[in-house]
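I have placed the structure first, in the form of structure tokens, so that the comments after it can refer back to it.
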Protein chains: 2
Amino acid sequence: MPDKVTMAHGAGGEVMMDLVRRVILSRLGDTLPDRWSSDVPLSALEDSAVVGDIVFTTDAHTVQPLFFHGGDIGSLSVAGTVNDLAVMGAAPVALSLALVLEEGLPMADLERAIDSVARTAREAGVGVVTGDTKVVERGGVAGMVTCTSGFGLRHPLLDPNLEAVAVHREPPRWPTDAGVREGDAIIVSGSIGDHGAAVLTSRRGFGFERSVASDIAPLNHLIARALGAGGVVAMKDPTRGGVANALNEWAGKSGVGIMLDEEAIPVRDEVRAVCDLLGIDPLEVGNEGKVLIAVVPDRAEDVLEAIGGDPHGAMAAIIGRADASFEGVVLETRVGGRRYVDQPRGDPVPRIC
Amino acid sequence: MPDKVTMAHGAGGEVMMDLVRRVILSRLGDTLPDRWSSDVPLSALEDSAVVGDIVFTTDAHTVQPLFFHGGDIGSLSVAGTVNDLAVMGAAPVALSLALVLEEGLPMADLERAIDSVARTAREAGVGVVTGDTKVVERGGVAGMVTCTSGFGLRHPLLDPNLEAVAVHREPPRWPTDAGVREGDAIIVSGSIGDHGAAVLTSRRGFGFERSVASDIAPLNHLIARALGAGGVVAMKDPTRGGVANALNEWAGKSGVGIMLDEEAIPVRDEVRAVCDLLGIDPLEVGNEGKVLIAVVPDRAEDVLEAIGGDPHGAMAAIIGRADASFEGVVLETRVGGRRYVDQPRGDPVPRIC
């Protein structure tokens, strides 16, 4: 472990997970008193924790610039936290919003960001019920940093959903990263890489500034449709480190391989063009309005159809299958070859969330 | 309202409350869907919100320096959030910890801060169950910024405590800022100003570096003692803006005056010396291990005795009374004069929490 923090420690890949395990989990993993039961403790390193029947999560947001095509730090804050709750099978209830503002920030920028928080919270149907405001001197942060936390309750459709899993095997109590098994279908709710590409082009141009829009969206309604269709065993929002990171976490924690079909993975032409220009892989680029869903085989088409009816699920597709005959994530390419999709060490695009 | 954010907007006084009301509450105050009941909504502007029977709060921490005499950003993060839950009458259950780290931060500093988080969480008996880690480039933050959120459940001693209030009047359902009435005793759990004075001397010296220690402490066990004694109607931890700010919030929201006895207010000699040197009022200096408790008259001595038995309550004192014959907060000085203690506009010490 290096003796100083590096950018890769915040990039959502292998280097960050090493820091989290060695510095944080080792110290905090056993702080919850025994009197509270926890199906999903800190040590599970999931998107949310579960204590009793309360699902709880937090995110800090350091995105630069604060405003970009298709979203801003306000919509990002709400959607990121709502999605972390929803992928754990929770109905999100309430959020907190802590702001660290830079002295001199135009009041109009703050108002615009809070308008965006309000709009996204209304779309999700969650309340922003508590907050905190700190101000630091010029240069202390770049405009603002936010932190949103949230809690939710076990979704009423989660248990009926798990009944459809019980036909195949003992269902998990929550749809965690460890729930994927041989034969499960891997669904993505839409095109990948949009968010990271949008932030990057907002920052650096390349002529794509207005053609690539972030996908930021709260996905709790889409996820409720998936649970309604039944058979969902795992869900994950592929943020930092993208689909490559999320699926490697599933493969590692579930102990199965995942075979992806490149042809089936939706990538917008303009996102592909940005990625080609920069030499980065859309599979490693972060998303903020997409969810990966693992479903027992006989329900995959039902779940696909259900989420296809949601405004955020129009491009949903089955992109792969779990396969216990190998480990890790493998991509079957358009030209018929195969390559491993490794867990990214860092992230090709810093400060996208 | 100015067109840019100023340091005073984060200082916990009148200017911050104006920003919170006009920019944040106006946009987010009605986001909680009607299907959730909320006894203490965002609009109450309390230390925590209450949704159903879940108490929820958040704090961002920007303290400089990160380590100071008597505490650090780690202990501050945990104690601040635990105390915000406890003063609302909750038993704290679990915390989240989001970190924004500066590239180049010594790993040893991070480890030291997380050790402190763990130690303080164990003292409080709360679990740190979820988190997030972001890294920003050098100069993006000063070392680190943290954000801790937490939730708790209605304390089992809260209802028995309120039974003692019912002898006098209809008790509030939660001990909010609006619950103080004529004749109630105002108790402080110990000496005031220690935290702000410690951070300030750690930053600037003055020869007091090792004599003034922060009071950072989780107060949930002390507060449980107070609830056990019965008759508590309001509790507040006097952080930014100090006792002056906290009592003005009580006076304003409860619609009573508060008369303070200067002689009775515990201030350590070394803290008074620092405040005299800088020309600041200990009543306006932030605390991180103190609680103000308003109690119905016939239980004041019982509560005082109960918290005096806690390690953090040794210097507890009754420092005043609520008095409906005037408005605001008035100090009866040592020499027999009287002066208004106004709500601070800002804070004499920036970045203490």
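Residue numbering restarts at 1 for every chain of the structure tokens, chains are lettered A, B, ... in their displayed order, and ligands are numbered from 1 as they appear.
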Quiz item: Excluding same-chain residues fewer than 6 positions from Leu99 (chain A), what lies within 10 Å of it counting only C-alpha atoms, as a ChimeraX atom specification?
Solution: /A:60-61,110,131-135,144-148 /B:10,59-61,147
Practice problem: Determine which residues of region 95-261 of chain B receive a DSSP assignment of helix (DSSP H, G or I), computed from the backbone, and state them as a ChimeraX atom specification. | Solution: /B:107-124,158-166,177-179,194-204,220-229,242-254
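Interatomic distance, CA of Ser211 (chain B) against CA of Ala142 (chain B): 25.6 Å.
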Self-check item: Nearest-residue call for Arg169 (chain B), choices B:Leu153, B:Val296, B:Leu42, B:Ala264, using only C-alpha atoms
Solution: B:Val296
Quiz item: Got a sec: who's within 8 Å of Gly231 (chain A), counting only C-alpha atoms, leaving out chain neighbours fewer than 3 positions off, as a VMD selection string?
Solution: chain A and resid 161 to 165 227 295 to 296 299 to 300
Where does chain A end up after superposition onto chain B over all in-order Cα pairs? Give it as a tab-separated table (two decimals) with C-alpha atoms, in the first residue's frame.
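So the final result, stored in out.tsv, reads:
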chain	number	residue	atom	x	y	z
A	1	MET	CA	-29.53	38.26	-0.24
A	2	PRO	CA	-26.00	38.71	-1.66
A	3	ASP	CA	-25.31	37.29	-5.11
A	4	LYS	CA	-22.37	35.18	-3.90
A	5	VAL	CA	-21.85	32.76	-1.04
A	6	THR	CA	-19.84	34.24	1.86
A	7	MET	CA	-18.11	32.62	4.84
A	8	ALA	CA	-20.97	33.77	7.08
A	9	HIS	CA	-23.34	31.54	5.09
A	10	GLY	CA	-21.68	28.55	6.70
A	11	ALA	CA	-21.27	29.94	10.19
A	12	GLY	CA	-24.34	28.62	11.94
A	13	GLY	CA	-25.83	32.03	12.75
A	14	GLU	CA	-28.49	34.32	11.40
A	15	VAL	CA	-26.92	34.69	7.92
A	16	MET	CA	-26.79	30.91	7.43
A	17	MET	CA	-30.37	30.47	8.56
A	18	ASP	CA	-31.42	33.08	6.01
A	19	LEU	CA	-29.65	31.15	3.23
A	20	VAL	CA	-31.15	27.87	4.39
A	21	ARG	CA	-34.67	29.29	4.47
A	22	ARG	CA	-34.52	31.25	1.21
A	23	VAL	CA	-32.48	28.96	-1.03
A	24	ILE	CA	-32.90	25.46	0.37
A	25	LEU	CA	-36.10	25.17	2.41
A	26	SER	CA	-38.12	27.05	-0.20
A	27	ARG	CA	-37.14	24.45	-2.80
A	28	LEU	CA	-36.96	21.24	-0.78
A	29	GLY	CA	-39.43	21.80	2.05
A	30	ASP	CA	-42.27	19.96	0.34
A	31	THR	CA	-40.41	17.06	-1.29
A	32	LEU	CA	-41.43	14.37	1.21
A	33	PRO	CA	-44.42	12.52	-0.29
A	34	ASP	CA	-47.65	12.63	1.73
A	35	ARG	CA	-47.59	8.89	2.33
A	36	TRP	CA	-44.82	9.37	4.92
A	37	SER	CA	-45.70	11.06	8.18
A	38	SER	CA	-43.13	13.44	9.59
A	39	ASP	CA	-43.35	14.87	13.11
A	40	VAL	CA	-40.16	16.85	12.51
A	41	PRO	CA	-39.88	17.83	8.81
A	42	LEU	CA	-37.13	19.80	7.06
A	43	SER	CA	-39.08	22.99	7.71
A	44	ALA	CA	-38.59	22.58	11.48
A	45	LEU	CA	-34.85	23.21	10.86
A	46	GLU	CA	-33.92	20.96	13.78
A	47	ASP	CA	-30.74	18.97	14.39
A	48	SER	CA	-32.43	15.88	12.93
A	49	ALA	CA	-35.54	15.10	10.93
A	50	VAL	CA	-38.08	12.48	11.93
A	51	VAL	CA	-39.88	10.34	9.32
A	52	GLY	CA	-42.23	7.79	10.84
A	53	ASP	CA	-40.23	6.70	13.90
A	54	ILE	CA	-36.87	7.00	12.16
A	55	VAL	CA	-34.66	9.92	13.17
A	56	PHE	CA	-32.20	10.99	10.46
A	57	THR	CA	-29.41	13.57	10.28
A	58	THR	CA	-26.29	14.59	8.36
A	59	ASP	CA	-23.17	16.71	8.87
A	60	ALA	CA	-20.31	17.73	6.62
A	61	HIS	CA	-17.00	18.33	8.39
A	62	THR	CA	-14.41	20.79	7.11
A	63	VAL	CA	-12.42	21.37	10.31
A	64	GLN	CA	-8.87	22.79	10.00
A	65	PRO	CA	-6.43	21.52	11.13
A	66	LEU	CA	-7.54	17.89	10.82
A	67	PHE	CA	-5.91	17.02	14.15
A	68	PHE	CA	-6.00	19.25	17.24
A	69	HIS	CA	-5.70	18.98	20.99
A	70	GLY	CA	-8.47	16.73	22.27
A	71	GLY	CA	-9.78	15.46	18.96
A	72	ASP	CA	-9.66	15.27	15.19
A	73	ILE	CA	-11.93	15.16	12.15
A	74	GLY	CA	-12.70	11.49	12.86
A	75	SER	CA	-13.97	11.86	16.42
A	76	LEU	CA	-15.73	15.09	15.42
A	77	SER	CA	-17.59	13.37	12.59
A	78	VAL	CA	-18.97	10.61	14.78
A	79	ALA	CA	-19.75	12.70	17.86
A	80	GLY	CA	-21.44	15.44	15.83
A	81	THR	CA	-23.84	13.04	14.16
A	82	VAL	CA	-24.49	10.91	17.25
A	83	ASN	CA	-25.29	14.06	19.22
A	84	ASP	CA	-27.69	15.40	16.58
A	85	LEU	CA	-29.63	12.13	16.82
A	86	ALA	CA	-29.50	11.92	20.61
A	87	VAL	CA	-30.79	15.47	21.20
A	88	MET	CA	-33.89	14.56	19.18
A	89	GLY	CA	-34.61	11.78	21.67
A	90	ALA	CA	-33.30	8.99	19.47
A	91	ALA	CA	-31.16	6.00	20.27
A	92	PRO	CA	-28.53	6.22	17.51
A	93	VAL	CA	-28.23	3.00	15.48
A	94	ALA	CA	-25.90	3.41	12.52
A	95	LEU	CA	-23.77	5.96	10.73
A	96	SER	CA	-22.47	6.43	7.21
A	97	LEU	CA	-19.05	7.90	6.48
A	98	ALA	CA	-18.24	9.59	3.17
A	99	LEU	CA	-14.68	10.77	2.63
A	100	VAL	CA	-13.37	13.33	0.16
A	101	LEU	CA	-9.60	12.92	0.26
A	102	GLU	CA	-6.90	15.12	-1.22
A	103	GLU	CA	-4.43	13.41	-3.51
A	104	GLY	CA	-1.17	13.17	-1.58
A	105	LEU	CA	-2.78	12.92	1.87
A	106	PRO	CA	-0.42	10.81	3.99
A	107	MET	CA	-1.95	7.37	4.44
A	108	ALA	CA	-0.97	7.60	8.11
A	109	ASP	CA	-3.26	10.63	8.53
A	110	LEU	CA	-6.16	8.75	7.01
A	111	GLU	CA	-5.49	5.74	9.22
A	112	ARG	CA	-5.30	7.95	12.30
A	113	ALA	CA	-8.63	9.61	11.44
A	114	ILE	CA	-10.36	6.28	10.81
A	115	ASP	CA	-8.95	4.91	14.10
A	116	SER	CA	-10.59	7.87	15.75
A	117	VAL	CA	-13.89	7.21	13.95
A	118	ALA	CA	-13.78	3.62	15.22
A	119	ARG	CA	-12.97	4.58	18.81
A	120	THR	CA	-15.72	7.20	19.00
A	121	ALA	CA	-18.27	4.89	17.35
A	122	ARG	CA	-17.45	2.21	19.93
A	123	GLU	CA	-17.83	4.67	22.78
A	124	ALA	CA	-21.25	5.68	21.43
A	125	GLY	CA	-22.25	2.12	20.59
A	126	VAL	CA	-23.16	2.86	16.97
A	127	GLY	CA	-22.11	1.02	13.84
A	128	VAL	CA	-20.44	2.68	10.88
A	129	VAL	CA	-22.15	0.54	8.26
A	130	THR	CA	-21.78	2.23	4.87
A	131	GLY	CA	-19.48	4.72	3.20
A	132	ASP	CA	-18.04	6.30	0.12
A	133	THR	CA	-14.52	7.38	-0.82
A	134	LYS	CA	-13.68	10.08	-3.35
A	135	VAL	CA	-10.26	11.54	-4.13
A	136	VAL	CA	-9.71	15.01	-5.60
A	137	GLU	CA	-6.52	16.48	-7.03
A	138	ARG	CA	-4.04	18.41	-4.85
A	139	GLY	CA	-5.59	21.63	-3.62
A	140	GLY	CA	-9.10	20.26	-4.24
A	141	VAL	CA	-9.70	20.01	-0.49
A	142	ALA	CA	-7.38	20.66	2.46
A	143	GLY	CA	-6.44	17.09	3.42
A	144	MET	CA	-9.92	15.73	3.74
A	145	VAL	CA	-13.56	16.60	4.15
A	146	THR	CA	-15.91	14.07	5.71
A	147	CYS	CA	-19.65	13.67	5.78
A	148	THR	CA	-21.38	11.56	8.39
A	149	SER	CA	-25.06	10.80	8.35
A	150	GLY	CA	-26.93	8.64	10.79
A	151	PHE	CA	-30.24	7.25	11.77
A	152	GLY	CA	-31.73	6.26	15.07
A	153	LEU	CA	-34.98	5.07	16.60
A	154	ARG	CA	-37.19	6.65	19.24
A	155	HIS	CA	-35.37	6.13	22.55
A	156	PRO	CA	-37.18	3.69	24.85
A	157	LEU	CA	-36.82	6.21	27.71
A	158	LEU	CA	-38.40	9.10	25.77
A	159	ASP	CA	-42.02	8.27	26.50
A	160	PRO	CA	-41.48	7.62	30.24
A	161	ASN	CA	-39.55	10.94	30.30
A	162	LEU	CA	-42.51	12.75	28.74
A	163	GLU	CA	-44.85	11.34	31.37
A	164	ALA	CA	-43.08	13.55	33.90
A	165	VAL	CA	-43.78	16.52	31.62
A	166	ALA	CA	-47.48	15.60	31.41
A	167	VAL	CA	-47.93	16.60	35.08
A	168	HIS	CA	-47.29	20.19	33.94
A	169	ARG	CA	-48.64	20.39	30.42
A	170	GLU	CA	-49.29	18.49	27.20
A	171	PRO	CA	-45.84	17.12	26.34
A	172	PRO	CA	-44.35	17.46	22.85
A	173	ARG	CA	-43.91	14.18	20.94
A	174	TRP	CA	-40.21	14.91	20.40
A	175	PRO	CA	-37.90	17.25	22.36
A	176	THR	CA	-37.71	19.96	19.67
A	177	ASP	CA	-36.59	23.59	19.88
A	178	ALA	CA	-40.24	24.62	20.22
A	179	GLY	CA	-40.86	22.79	23.51
A	180	VAL	CA	-39.53	25.28	26.09
A	181	ARG	CA	-42.08	26.99	28.40
A	182	GLU	CA	-42.15	29.54	31.23
A	183	GLY	CA	-40.25	28.33	34.26
A	184	ASP	CA	-38.33	25.50	32.59
A	185	ALA	CA	-34.78	25.12	33.82
A	186	ILE	CA	-31.92	25.42	31.31
A	187	ILE	CA	-29.09	22.99	32.00
A	188	VAL	CA	-25.72	22.80	30.26
A	189	SER	CA	-23.86	19.52	30.57
A	190	GLY	CA	-20.43	21.12	31.17
A	191	SER	CA	-17.99	23.92	30.39
A	192	ILE	CA	-18.55	25.91	27.20
A	193	GLY	CA	-16.29	27.06	24.38
A	194	ASP	CA	-13.67	24.32	24.72
A	195	HIS	CA	-13.93	22.97	21.18
A	196	GLY	CA	-13.71	26.24	19.28
A	197	ALA	CA	-10.92	27.49	21.53
A	198	ALA	CA	-8.96	24.25	21.05
A	199	VAL	CA	-9.22	24.35	17.26
A	200	LEU	CA	-8.28	28.00	17.19
A	201	THR	CA	-5.21	27.56	19.40
A	202	SER	CA	-4.16	24.47	17.42
A	203	ARG	CA	-4.25	26.68	14.34
A	204	ARG	CA	-2.69	29.83	15.64
A	205	GLY	CA	-0.87	29.06	18.84
A	206	PHE	CA	-0.92	31.95	21.33
A	207	GLY	CA	0.90	29.66	23.77
A	208	PHE	CA	-2.33	27.82	24.65
A	209	GLU	CA	-1.77	24.87	22.28
A	210	ARG	CA	-1.57	22.21	24.97
A	211	SER	CA	-3.74	23.72	27.68
A	212	VAL	CA	-7.04	23.98	25.81
A	213	ALA	CA	-8.53	20.65	24.74
A	214	SER	CA	-11.59	20.07	22.61
A	215	ASP	CA	-14.60	18.57	24.41
A	216	ILE	CA	-15.57	16.28	21.51
A	217	ALA	CA	-17.67	13.44	22.90
A	218	PRO	CA	-20.67	11.36	21.95
A	219	LEU	CA	-23.40	12.33	24.41
A	220	ASN	CA	-26.00	9.63	23.83
A	221	HIS	CA	-25.26	7.86	27.12
A	222	LEU	CA	-25.40	11.14	29.08
A	223	ILE	CA	-28.67	12.03	27.35
A	224	ALA	CA	-30.13	8.63	28.21
A	225	ARG	CA	-29.44	9.45	31.87
A	226	ALA	CA	-31.31	12.74	31.50
A	227	LEU	CA	-34.30	10.99	29.88
A	228	GLY	CA	-34.20	8.44	32.69
A	229	ALA	CA	-34.56	11.22	35.26
A	230	GLY	CA	-37.61	12.55	33.40
A	231	GLY	CA	-39.11	15.91	32.50
A	232	VAL	CA	-36.85	16.83	29.56
A	233	VAL	CA	-38.71	18.96	26.99
A	234	ALA	CA	-35.92	20.14	24.67
A	235	MET	CA	-32.27	19.28	23.97
A	236	LYS	CA	-29.73	20.88	21.67
A	237	ASP	CA	-26.00	20.56	21.12
A	238	PRO	CA	-24.56	24.07	20.94
A	239	THR	CA	-22.15	23.65	18.01
A	240	ARG	CA	-21.58	26.47	15.46
A	241	GLY	CA	-22.66	29.76	16.99
A	242	GLY	CA	-22.38	28.23	20.44
A	243	VAL	CA	-24.81	28.58	23.34
A	244	ALA	CA	-25.86	32.02	22.10
A	245	ASN	CA	-27.14	30.59	18.83
A	246	ALA	CA	-28.76	27.50	20.36
A	247	LEU	CA	-30.68	29.42	23.03
A	248	ASN	CA	-31.83	32.06	20.56
A	249	GLU	CA	-33.27	29.26	18.42
A	250	TRP	CA	-35.12	27.93	21.47
A	251	ALA	CA	-36.37	31.38	22.43
A	252	GLY	CA	-37.56	32.12	18.89
A	253	LYS	CA	-39.18	28.76	18.15
A	254	SER	CA	-40.67	28.34	21.64
A	255	GLY	CA	-41.84	31.95	21.95
A	256	VAL	CA	-40.31	32.51	25.40
A	257	GLY	CA	-37.47	34.55	26.84
A	258	ILE	CA	-34.47	32.86	28.44
A	259	MET	CA	-32.70	34.45	31.44
A	260	LEU	CA	-29.12	33.27	31.93
A	261	ASP	CA	-27.03	33.62	35.07
A	262	GLU	CA	-23.45	34.39	33.99
A	263	GLU	CA	-22.06	33.25	37.34
A	264	ALA	CA	-23.54	29.77	36.80
A	265	ILE	CA	-22.17	29.19	33.29
A	266	PRO	CA	-19.11	26.94	33.45
A	267	VAL	CA	-16.18	28.33	31.44
A	268	ARG	CA	-12.67	26.97	31.96
A	269	ASP	CA	-10.08	29.61	32.88
A	270	GLU	CA	-7.89	28.79	29.89
A	271	VAL	CA	-10.87	29.07	27.50
A	272	ARG	CA	-11.80	32.40	29.00
A	273	ALA	CA	-8.20	33.56	28.55
A	274	VAL	CA	-8.21	32.60	24.85
A	275	CYS	CA	-11.55	34.32	24.32
A	276	ASP	CA	-10.38	37.47	26.12
A	277	LEU	CA	-7.21	37.53	24.03
A	278	LEU	CA	-9.22	37.36	20.82
A	279	GLY	CA	-12.11	39.51	21.96
A	280	ILE	CA	-14.70	36.80	21.40
A	281	ASP	CA	-17.56	35.70	23.62
A	282	PRO	CA	-17.43	32.11	24.96
A	283	LEU	CA	-21.22	32.04	24.52
A	284	GLU	CA	-20.67	32.25	20.74
A	285	VAL	CA	-17.93	29.63	20.51
A	286	GLY	CA	-18.84	26.15	19.25
A	287	ASN	CA	-18.90	23.02	21.42
A	288	GLU	CA	-18.83	19.37	20.31
A	289	GLY	CA	-19.38	17.54	23.59
A	290	LYS	CA	-22.01	19.60	25.33
A	291	VAL	CA	-25.77	19.56	25.39
A	292	LEU	CA	-28.33	22.12	26.53
A	293	ILE	CA	-31.31	20.54	28.23
A	294	ALA	CA	-34.60	22.26	29.07
A	295	VAL	CA	-36.46	20.55	31.92
A	296	VAL	CA	-39.75	21.14	33.69
A	297	PRO	CA	-39.05	22.92	37.00
A	298	ASP	CA	-39.59	20.06	39.45
A	299	ARG	CA	-37.24	17.72	37.62
A	300	ALA	CA	-34.30	20.04	37.08
A	301	GLU	CA	-32.29	18.87	40.07
A	302	ASP	CA	-32.95	15.22	39.23
A	303	VAL	CA	-31.73	15.67	35.65
A	304	LEU	CA	-28.70	17.62	36.88
A	305	GLU	CA	-27.79	14.86	39.30
A	306	ALA	CA	-28.35	12.15	36.69
A	307	ILE	CA	-26.05	13.68	34.07
A	308	GLY	CA	-23.51	14.63	36.75
A	309	GLY	CA	-22.88	10.90	37.09
A	310	ASP	CA	-21.77	10.63	33.46
A	311	PRO	CA	-18.07	11.06	32.62
A	312	HIS	CA	-18.99	13.90	30.23
A	313	GLY	CA	-21.31	15.64	32.72
A	314	ALA	CA	-19.06	16.39	35.70
A	315	MET	CA	-19.36	20.18	35.32
A	316	ALA	CA	-23.08	20.24	34.51
A	317	ALA	CA	-25.02	23.22	35.86
A	318	ILE	CA	-28.41	24.93	35.78
A	319	ILE	CA	-27.58	28.15	33.95
A	320	GLY	CA	-30.94	29.80	33.51
A	321	ARG	CA	-34.72	29.73	33.31
A	322	ALA	CA	-37.32	30.30	30.62
A	323	ASP	CA	-39.28	33.46	31.30
A	324	ALA	CA	-42.33	34.37	29.25
A	325	SER	CA	-42.24	38.02	30.36
A	326	PHE	CA	-39.71	38.98	27.66
A	327	GLU	CA	-38.37	37.78	24.30
A	328	GLY	CA	-34.91	36.60	23.34
A	329	VAL	CA	-31.97	35.65	25.55
A	330	VAL	CA	-30.80	37.89	28.40
A	331	LEU	CA	-27.67	37.45	30.50
A	332	GLU	CA	-27.59	38.53	34.13
A	333	THR	CA	-23.93	39.46	34.49
A	334	ARG	CA	-21.62	38.84	37.42
A	335	VAL	CA	-21.77	42.49	38.37
A	336	GLY	CA	-25.57	42.48	38.42
A	337	GLY	CA	-26.21	44.11	35.03
A	338	ARG	CA	-28.27	42.64	32.22
A	339	ARG	CA	-27.54	42.41	28.50
A	340	TYR	CA	-29.14	40.76	25.50
A	341	VAL	CA	-27.31	37.77	24.06
A	342	ASP	CA	-28.09	38.11	20.37
A	343	GLN	CA	-28.09	35.34	17.81
A	344	PRO	CA	-24.61	35.57	16.27
A	345	ARG	CA	-24.68	36.74	12.67
A	346	GLY	CA	-21.75	34.51	11.83
A	347	ASP	CA	-19.19	32.63	13.86
A	348	PRO	CA	-16.03	34.09	15.41
A	349	VAL	CA	-14.11	30.93	14.47
A	350	PRO	CA	-14.50	29.53	10.92
A	351	ARG	CA	-13.98	25.86	10.03
A	352	ILE	CA	-14.15	24.48	13.55
A	353	CYS	CA	-16.42	21.62	12.52
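All residues of region 203-316 of chain B that DSSP, run on the backbone, classes as strand (DSSP E or B) are Val232, Val233, Ala234, Met235, Lys236, Gly257, Ile258, Met259, Leu260, Asp261, Leu292, Ile293, Ala294 and Val295 of chain B.
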